[in-house]
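Source file: final_9.txt (compact mmCIF, C-alpha atoms and all ligand atoms)
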```
# COMPACT_ATOMS: atom_id res chain seq x y z
CA MET A 339 79.54 92.39 75.80
CA ASP A 340 79.58 94.47 72.58
CA ILE A 341 82.41 96.52 71.11
CA LYS A 342 82.02 99.93 69.50
CA GLU A 343 85.09 101.46 67.84
CA LEU A 344 85.65 105.09 68.80
CA GLY A 345 88.17 106.51 66.34
CA PRO A 346 91.72 105.84 65.14
CA ILE A 347 92.17 104.18 68.52
CA GLY A 348 89.85 103.31 71.36
CA ALA A 349 86.76 101.17 71.76
CA GLU A 350 83.79 101.24 74.07
CA LEU A 351 82.81 97.93 75.65
CA THR A 352 79.08 98.00 76.31
CA ASN A 353 76.55 95.91 78.27
CA LEU A 354 78.99 95.12 81.03
CA ASP A 355 78.91 95.65 84.79
CA LEU A 356 82.53 95.53 85.87
CA THR A 357 81.60 94.35 89.38
CA GLN A 358 79.90 91.24 87.90
CA LEU A 359 82.40 89.97 85.34
CA SER A 360 82.08 86.40 84.12
CA LYS A 361 85.09 84.21 83.31
CA GLU A 362 84.31 84.57 79.59
CA ASP A 363 84.43 88.39 79.75
CA ILE A 364 88.04 88.53 80.90
CA PRO A 365 89.87 87.37 77.74
CA HIS A 366 87.63 89.66 75.63
CA ILE A 367 88.47 92.67 77.76
CA ARG A 368 92.18 91.84 77.72
CA GLN A 369 92.18 91.36 73.95
CA SER A 370 90.22 94.58 73.33
CA PHE A 371 92.76 96.46 75.42
CA LEU A 372 95.57 95.13 73.20
CA ASP A 373 93.64 95.71 69.97
CA TYR A 374 92.39 99.25 70.68
CA SER A 375 94.91 100.60 73.26
CA VAL A 376 92.14 102.57 75.02
CA ILE A 377 88.97 100.93 76.32
CA VAL A 378 85.95 102.69 77.74
CA PHE A 379 83.26 101.36 80.07
CA ARG A 380 80.35 103.72 80.76
CA ASN A 381 77.79 103.79 83.61
CA GLN A 382 79.88 101.94 86.17
CA ASN A 383 79.57 102.24 89.94
CA LEU A 384 82.99 101.44 91.36
CA ASN A 385 84.31 101.89 94.86
CA PRO A 386 88.09 101.81 95.47
CA ILE A 387 88.04 98.06 96.17
CA ASP A 388 86.18 97.39 92.90
CA LEU A 389 88.71 99.52 91.05
CA LYS A 390 91.61 97.58 92.53
CA ASN A 391 89.90 94.25 91.75
CA ILE A 392 89.41 95.25 88.10
CA SER A 393 92.99 96.48 87.82
CA ARG A 394 94.18 92.88 88.41
CA LEU A 395 93.21 92.13 84.80
CA TRP A 396 96.35 94.08 83.87
CA GLY A 397 98.77 93.47 86.72
CA LYS A 398 99.65 94.47 90.24
CA ALA A 399 98.31 97.85 91.42
CA LEU A 400 101.27 100.21 91.91
CA ILE A 401 101.83 102.93 94.47
CA HIS A 402 102.77 106.17 92.70
CA PRO A 403 106.45 106.94 93.36
CA VAL A 404 105.70 110.61 94.12
CA PHE A 405 101.99 111.36 94.70
CA LYS A 406 100.22 110.13 97.82
CA GLY A 407 97.20 107.87 97.42
CA ILE A 408 93.80 108.11 99.14
CA GLU A 409 93.19 106.88 102.67
CA ASN A 410 93.40 103.07 103.00
CA HIS A 411 94.10 102.71 99.28
CA PRO A 412 97.62 104.02 98.63
CA GLU A 413 97.49 102.73 95.03
CA ILE A 414 94.64 105.12 94.11
CA ILE A 415 95.39 108.78 93.46
CA GLU A 416 92.55 111.27 93.55
CA ILE A 417 92.75 113.81 90.73
CA ARG A 418 90.88 117.01 91.56
CA ASN A 419 90.48 120.51 90.13
CA TYR A 420 93.40 122.54 91.39
CA GLY A 421 92.63 125.31 88.86
CA GLU A 422 93.87 125.87 85.33
CA LYS A 423 97.21 127.24 86.56
CA TYR A 424 98.05 124.15 88.60
CA HIS A 425 96.67 121.65 86.12
CA THR A 426 99.68 119.40 85.72
CA ASN A 427 98.43 116.83 83.21
CA ALA A 428 97.88 119.20 80.29
CA HIS A 429 100.78 117.88 78.27
CA TRP A 430 101.30 114.79 76.18
CA HIS A 431 102.66 111.92 78.22
CA SER A 432 102.66 108.25 78.95
CA ASP A 433 102.50 107.56 82.68
CA VAL A 434 105.56 107.44 84.92
CA THR A 435 108.11 106.85 82.15
CA PHE A 436 110.84 108.07 84.53
CA GLU A 437 110.78 104.63 86.19
CA GLU A 438 112.86 101.64 85.02
CA CYS A 439 109.65 99.66 84.54
CA PRO A 440 106.82 102.12 83.77
CA PRO A 441 103.22 100.93 84.31
CA ASP A 442 101.54 98.94 81.54
CA ALA A 443 98.01 100.17 82.14
CA THR A 444 96.31 103.18 83.72
CA LEU A 445 92.72 103.05 84.97
CA LEU A 446 90.93 106.39 85.31
CA TYR A 447 87.45 106.42 86.86
CA SER A 448 85.26 109.52 86.90
CA LEU A 449 83.40 110.23 90.13
CA GLU A 450 82.17 113.73 89.26
CA VAL A 451 82.89 115.59 86.05
CA PRO A 452 81.92 119.00 84.68
CA GLU A 453 79.31 119.44 81.92
CA GLU A 454 81.86 121.23 79.74
CA GLY A 455 85.63 120.79 79.46
CA GLY A 456 87.95 118.31 81.11
CA ASP A 457 88.23 115.97 78.11
CA THR A 458 91.14 113.55 77.95
CA LEU A 459 92.85 113.05 74.58
CA PHE A 460 94.58 109.81 73.63
CA SER A 461 97.03 109.51 70.77
CA SER A 462 98.13 106.21 69.19
CA GLN A 463 101.89 105.87 69.29
CA TYR A 464 101.69 102.85 66.97
CA LEU A 465 100.25 105.17 64.31
CA ALA A 466 102.80 107.87 65.18
CA TYR A 467 105.60 105.33 64.61
CA GLU A 468 104.14 103.87 61.40
CA ASP A 469 103.66 107.32 59.87
CA LEU A 470 107.13 108.60 60.78
CA ASP A 471 109.51 109.66 58.02
CA MET A 472 111.57 106.59 56.95
CA ASP A 473 114.93 108.38 57.19
CA LEU A 474 114.19 109.61 60.70
CA LYS A 475 113.03 106.13 61.65
CA SER A 476 116.28 104.56 60.52
CA SER A 477 118.55 107.26 61.96
CA LEU A 478 116.87 106.96 65.37
CA SER A 479 116.62 103.18 65.40
CA GLY A 480 118.31 101.85 68.56
CA LYS A 481 118.69 105.33 70.10
CA LEU A 482 117.77 106.03 73.72
CA ALA A 483 115.93 108.95 75.32
CA ILE A 484 116.69 110.20 78.83
CA HIS A 485 113.59 110.51 81.04
CA SER A 486 113.60 112.44 84.33
CA ASN A 487 111.22 112.72 87.29
CA ILE A 488 112.34 116.27 88.16
CA GLY A 489 109.02 117.86 87.14
CA VAL A 490 106.79 115.69 89.34
CA LEU A 491 109.33 115.77 92.15
CA MET A 492 109.26 119.56 92.31
CA LEU A 493 105.47 119.64 92.02
CA SER A 494 105.22 117.46 95.10
CA GLY A 495 107.62 119.70 97.04
CA GLY A 496 110.61 117.36 96.67
CA ASP A 497 114.26 118.38 96.42
CA PRO A 498 115.50 118.61 92.78
CA LYS A 499 118.78 117.08 94.02
CA ASP A 500 116.85 113.80 94.44
CA ALA A 501 115.79 113.76 90.79
CA LYS A 502 116.69 110.64 88.84
CA THR A 503 116.89 109.72 85.18
CA VAL A 504 116.38 106.52 83.22
CA GLU A 505 117.02 105.63 79.59
CA HIS A 506 114.39 104.07 77.34
CA PRO A 507 114.38 103.33 73.60
CA ILE A 508 112.82 106.03 71.42
CA PHE A 509 110.90 103.29 69.64
CA ARG A 510 109.60 100.64 71.98
CA GLU A 511 108.33 97.23 71.00
CA HIS A 512 105.10 96.21 72.66
CA PRO A 513 105.86 92.99 74.56
CA GLU A 514 102.42 91.49 73.85
CA THR A 515 101.48 92.70 70.36
CA GLY A 516 105.03 92.86 68.97
CA LYS A 517 104.19 96.22 67.33
CA LYS A 518 106.50 99.24 67.55
CA ALA A 519 105.45 102.54 69.10
CA LEU A 520 106.98 105.97 69.46
CA TYR A 521 108.03 106.39 73.11
CA VAL A 522 109.15 109.94 73.89
CA THR A 523 107.02 112.13 76.11
CA GLU A 524 107.18 115.88 76.28
CA ALA A 525 106.52 115.69 80.01
CA PHE A 526 109.47 113.55 81.05
CA VAL A 527 112.10 113.30 78.29
CA LYS A 528 115.05 115.64 78.68
CA SER A 529 117.27 114.66 75.75
CA ILE A 530 118.34 112.00 73.29
CA LYS A 531 121.44 110.15 74.40
CA ASP A 532 124.60 110.65 72.29
CA LEU A 533 123.28 113.70 70.39
CA ASP A 534 124.42 117.26 71.01
CA SER A 535 121.82 119.36 72.77
CA ALA A 536 120.72 121.41 69.72
CA GLU A 537 120.23 118.30 67.59
CA SER A 538 118.50 116.48 70.42
CA ARG A 539 116.11 119.44 70.88
CA ARG A 540 115.39 119.66 67.13
CA ILE A 541 114.55 115.98 66.83
CA LEU A 542 112.50 115.87 70.03
CA ASP A 543 110.40 118.78 68.79
CA LEU A 544 109.72 116.86 65.56
CA LEU A 545 108.84 113.70 67.48
CA TYR A 546 106.49 115.53 69.87
CA LYS A 547 104.60 116.97 66.89
CA GLN A 548 104.44 113.51 65.39
CA ALA A 549 103.20 111.98 68.67
CA SER A 550 100.14 114.22 68.84
CA LYS A 551 98.90 114.53 65.25
CA GLU A 552 95.14 115.06 65.05
CA GLU A 553 94.58 111.92 62.97
CA PHE A 554 95.96 109.62 65.70
CA ILE A 555 93.70 110.99 68.45
CA TYR A 556 90.60 109.81 70.28
CA ARG A 557 89.00 112.49 72.50
CA HIS A 558 87.13 111.19 75.54
CA LYS A 559 84.26 113.33 76.84
CA TRP A 560 83.60 112.17 80.36
CA SER A 561 80.33 111.35 82.12
CA ASN A 562 80.12 110.35 85.76
CA GLY A 563 80.84 106.65 86.18
CA ASP A 564 83.13 106.17 83.16
CA LEU A 565 86.13 103.91 83.51
CA VAL A 566 88.81 104.38 80.85
CA VAL A 567 91.78 102.02 80.72
CA TRP A 568 94.74 102.79 78.47
CA ASP A 569 97.91 101.05 77.44
CA ASN A 570 100.91 103.21 78.32
CA ARG A 571 103.06 101.17 75.95
CA SER A 572 101.18 102.35 72.87
CA VAL A 573 99.37 105.55 73.86
CA GLN A 574 100.08 109.04 75.09
CA HIS A 575 97.39 111.15 76.72
CA TYR A 576 96.66 114.81 77.43
CA ALA A 577 94.22 116.12 80.04
CA GLU A 578 92.54 119.34 78.92
CA HIS A 579 91.30 121.82 81.49
CA GLY A 580 88.73 124.42 80.38
CA TYR A 581 86.25 123.85 83.23
CA GLY A 582 87.04 126.85 85.44
CA ASP A 583 86.16 126.19 89.07
CA ALA A 584 83.81 123.29 88.37
CA THR A 585 84.32 120.03 90.22
CA ARG A 586 86.19 117.26 88.45
CA THR A 587 87.10 114.30 90.65
CA MET A 588 88.70 111.13 89.34
CA HIS A 589 90.32 108.02 90.79
CA ARG A 590 93.45 106.87 89.02
CA LEU A 591 95.44 103.69 89.36
CA THR A 592 98.35 102.19 87.43
CA THR A 593 99.47 98.58 87.08
CA SER A 594 102.90 96.96 87.01
CA GLY A 595 104.99 96.99 83.85
CA SER A 596 108.29 95.81 82.46
CA LYS A 597 111.50 97.41 81.18
CA PRO A 598 110.85 98.86 77.70
CA PHE A 599 112.92 97.36 74.85
C1 LIG B 601 96.44 111.74 83.83
O1 LIG B 601 97.11 112.43 83.07
O2 LIG B 601 96.89 110.72 84.32
C2 LIG B 601 95.02 112.15 84.18
C3 LIG B 601 94.20 112.44 83.00
C4 LIG B 601 92.94 113.21 83.30
O3 LIG B 601 92.75 113.70 84.42
O4 LIG B 601 92.12 113.32 82.39
```

What does this structure look like when you write it as structure tokens?
Ligand code: SIN
Amino acid sequence: MDIKELGPIGAELTNLDLTQLSKEDIPHIRQSFLDYSVIVFRNQNLNPIDLKNISRLWGKALIHPVFKGIENHPEIIEIRNYGEKYHTNAHWHSDVTFEECPPDATLLYSLEVPEEGGDTLFSSQYLAYEDLDMDLKSSLSGKLAIHSNIGVLMLSGGDPKDAKTVEHPIFREHPETGKKALYVTEAFVKSIKDLDSAESRRILDLLYKQASKEEFIYRHKWSNGDLVVWDNRSVQHYAEHGYGDATRTMHRLTTSGSKPF
């Protein structure tokens, strides 16, 4: 197995068939995931069972709280082209932060991708935290953001009355690396606790800009058979559209996590 760095974050792990992993490969893959936050494996041939087997390197495969999984594999969601207008992942987010214990890792496997468009962008939230203005860092230290599932609930035809919120720290400490990361997502955060709404809005807008600065980003251009695994504790991602009516079919799976602190 060789490692090729991809940008400010991300690394490609080459010369590896994920269906034939040796015992020695596993700690290297785990460590690369912690070191680079996004890891890429190209030219893989993975069926849903393979994908679930690989996901065990990061934890228990989760069933999405809102979206229904594929037949016989409720943990795997199929992402398809529903058209630019209904493309719901074109915003910066970390996955499922509206849960008490959001998933640690997401695995996204490309079955069929367009020649042009459909890139996924990943932004390092370690770098976003490190680079943040010192005064803002200290004034927001210990503050909580309120995350809500209302957006995904309504997309899936649910009743907004069933929406729920959870509170997570604005700066989260990674439980394995000990590093701090910015942890507010434009997709799910509604406000900052204990701030009036104008001030909360002003600061969130600043933080969202910070979260997605060009210099923190790795852009993944997909080929069929890529598996990308990212660490939701230190990364946000953004799925671009720009492929018209072309086919783009992916399998996505998340693994168990813990309460952010
Ligand atoms: C996601 O946001 O989880 C999916 C990303 C993508 O389709 O590129």

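Among the candidates A:Glu422, A:Glu468, A:Glu416, A:Asp543, the residue lying nearest to A:Glu450 is A:Glu416 (atoms considered: only C-alpha atoms).
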
For this session: Step by step, measure atom-to-atom distances between ligand LIG 601 (chain B) and each residue using all atoms listed in the file, keep those at most 8 Å, then write them as a list in words.
Result: Ile417, Thr426, Asn427, Ala428, His431, Asp433, Thr444, Leu446, Gly456, Asp457, Thr458, Leu459, His575, Tyr576, Ala577, Glu578, Met588 and Arg590 of chain A

For this session: Rank nothing, just name the residue among A:Leu474, A:Leu491, A:Pro513, A:His589 nearest to A:Arg540, using all atoms listed in the file.
Result: A:Leu474

Exercise. If we count all atoms listed in the file, what is near stretch 519-524 of chain A at a cut-off of 10 Å, once residues fewer than 6 positions away on the same chain are taken out, given as a PyMOL selection string?
Worked result: chain A and resi 429-433+435+462-468+470+475+482-485+506-512+530+542-543+545-549+570-575+598

Problem set entry | Distance query stretch 402-412 of chain A at most 9 Å, all atoms listed in the file, self and fewer than 3 positions along chain excluded, as a PyMOL selection string | chain A and resi 386-387+390+415-416+434+437+490-491+494+496+591-592

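Relative to atom CA of A:Glu454, atom CA of A:Tyr581 is found at 6.2 Å.
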
Exercise. Rounded to one decimal in Å, what is the spacing between atom CA of A:Phe379 and atom CA of A:Leu354?
Worked result: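 Interatomic distance here is 7.6 Å.
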
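Atom pair atom CA of A:Ser375 / atom CA of A:Lys518: separated by 13.0 Å.
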
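Each of A:Val504, A:Leu493, A:Ile364, A:Val567 was compared to A:Thr593 using all atoms listed in the file, and A:Val567 turns out to be the nearest.
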
For this session: Identify, on the basis of all atoms listed in the file, every residue whose closest approach to A:Phe371 does not exceed 8 Å; exclude the query and any residue fewer than 6 positions from it along the same chain; express the result as number ranges by chain.
Result: A: 377, 567-569

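Nearest to A:Ser393 of all the residues A:Arg380, A:Arg368, A:Lys499, A:Lys551 is A:Arg368, based on only C-alpha atoms.
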